[in-house]
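Student: Structure provided below as structure tokens; questions to follow.
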Amino acid sequence: MATTRIWRINIAARASIAACWHSKGSRFQGRPILPSRPSPQDVNVRGQVVRAGVDLWHVGTDTAKGAIFAKLMADAGVDDEDQRFRFPSDLPDEFYQQLTAERYDTTKQRWVKPRHKRNEFLDTTVYAVAAACHPEIRIDKLRDKDWEKIETKVQPVIQDMFSQQNEPAPAPRPDTEQAATKGDEQTDHPDNNQQPAKPKRKKRSSKGGFVGGWK
């Protein structure tokens, strides 16, 4: 009921929602974390059935959990910058307790959760991994050069506005110092015999008329 209600809201607000996709854990074992394409679903909106109104992505939750736990185990004893999963340093202990709440039952061939434990953070991590595998994102396929492009867009290199002010002024060239010294000597001695050249007056054009007089 709640899932159908969300589908109805999405259809009603489809024009205003640019990127919204629906996902649901698959009831089958061994499915990929995210299939190559979604499954169209019919939705009943106010008594009218909208054929293929919603695209539903079936998430292979058991496959995602296996990948998550495999990476967490591989990160044991590895430096932070080389870990496959990186978490903020201020996360509470409850986050990690919920993330590792389930265990794989080899007899039942499925993941099980003890009754006294919560696993919301594991579920949200599963769907986050599935979202990263979406065809429009495909984080799992990105290479170093792709990450460098993303980093350049998200964190462009901005020079410090005070960096140029803090830099020392370049030393003057020797020829520049000599030229400046000569200029100062001429300025300090106004009694020299050199007189400024008088500007030459332009002769009027011999042609008459309005245009010739204003040239």
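Chain lettering (A, B, ...) mirrors the order of the structure tokens, residue numbering begins at 1 for each chain separately, and ligand numbering begins at 1 in order of display.
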How would you write, as a list of chain:residue names, the set of residues in range 68-117 of chain A that DSSP gives as helix (DSSP H, G or I)?

Tutor: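 Of range 68-117 of chain A, the ones in helix (DSSP H, G or I) are A:Ile68, A:Phe69, A:Ala70, A:Lys71, A:Leu72, A:Met73, A:Ala74, A:Asp80, A:Glu81, A:Asp82, A:Asp93, A:Glu94, A:Phe95, A:Tyr96, A:Gln97, A:Gln98, A:Leu99.
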
Student: Counting only C-alpha atoms, what are the residues of range 63-136 of chain A within 9 Å of range 29-39 of chain A, and for each of them which pair of atoms is the nearest and at what distance in Å, to one decimal? Sort the table by chain and rising number, as CSV.

Tutor:
```
residue,atom,partner,partner_atom,distance
A:Thr63,CA,A:Ile33,CA,5.8
A:Ala64,CA,A:Ile33,CA,5.4
A:Gln109,CA,A:Gln29,CA,8.9
A:Arg110,CA,A:Gln29,CA,7.9
A:Val126,CA,A:Ile33,CA,8.7
A:Val129,CA,A:Ile33,CA,8.0
A:Ala130,CA,A:Leu34,CA,5.8
A:Ala131,CA,A:Leu34,CA,8.1
A:Cys133,CA,A:Leu34,CA,6.5
A:His134,CA,A:Leu34,CA,7.1
A:Pro135,CA,A:Ser36,CA,7.4
```

Student: For Asp55 in chain A, list every protein, DNA or RNA residue within 10 Å, evaluated using only C-alpha atoms, and leave out those in the same chain fewer than 4 positions away; present the list as a list of chain:residue names.

Tutor: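 After dropping sequence-adjacent residues, the list is A:Trp7, A:Cys20, A:Trp21, A:His22, A:Ser23, A:Arg37, A:Pro38, A:Ser39, A:Pro40, A:Gln41, A:Asp42.
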
Student: Restrict the selected residues to N, CA, C and O atoms and save them as a compact mmCIF listing (two decimals), in the first residue's frame.

Tutor:
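Listing of out12.txt after writing:
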```txt
# COMPACT_ATOMS: atom_id res chain seq x y z
N TRP A 7 4.26 5.68 -5.60
CA TRP A 7 4.20 5.70 -7.05
C TRP A 7 3.20 6.74 -7.53
O TRP A 7 3.46 7.45 -8.51
N CYS A 20 14.10 10.93 -10.35
CA CYS A 20 13.53 10.13 -9.28
C CYS A 20 13.32 8.72 -9.82
O CYS A 20 12.64 8.55 -10.84
N TRP A 21 13.90 7.74 -9.17
CA TRP A 21 13.71 6.38 -9.63
C TRP A 21 13.33 5.50 -8.45
O TRP A 21 13.72 5.74 -7.32
N HIS A 22 12.53 4.48 -8.74
CA HIS A 22 11.97 3.62 -7.71
C HIS A 22 12.73 2.29 -7.66
O HIS A 22 13.09 1.73 -8.70
N SER A 23 12.99 1.83 -6.47
CA SER A 23 13.72 0.58 -6.29
C SER A 23 13.04 -0.27 -5.23
O SER A 23 12.35 0.23 -4.35
N ARG A 37 18.16 -2.76 -16.86
CA ARG A 37 16.99 -1.94 -17.17
C ARG A 37 15.90 -2.20 -16.13
O ARG A 37 15.85 -3.27 -15.53
N PRO A 38 15.03 -1.21 -15.90
CA PRO A 38 13.95 -1.40 -14.92
C PRO A 38 12.78 -2.19 -15.49
O PRO A 38 12.74 -2.50 -16.69
N SER A 39 11.84 -2.51 -14.60
CA SER A 39 10.62 -3.23 -15.00
C SER A 39 9.44 -2.28 -14.93
O SER A 39 9.15 -1.72 -13.85
N PRO A 40 8.74 -2.05 -16.03
CA PRO A 40 7.57 -1.16 -16.00
C PRO A 40 6.47 -1.74 -15.10
O PRO A 40 6.20 -2.94 -15.12
N GLN A 41 5.85 -0.87 -14.32
CA GLN A 41 4.79 -1.29 -13.41
C GLN A 41 3.54 -0.45 -13.66
O GLN A 41 3.62 0.77 -13.88
N ASP A 42 2.39 -1.13 -13.65
CA ASP A 42 1.12 -0.43 -13.76
C ASP A 42 0.75 0.17 -12.41
O ASP A 42 0.96 -0.44 -11.36
```

Student: Using only C-alpha atoms, which of the listed residues (A:Tyr96, A:Asp90, A:Arg84, A:Tyr127) sits closest to Gly60 in chain A?

Tutor: A:Tyr127

Student: Tell me, which residues of range 18-107 of chain A carry DSSP strand (DSSP E or B), written as a PyMOL selection string?

Tutor: chain A and resi 22-25+39-45+48-59+103-105
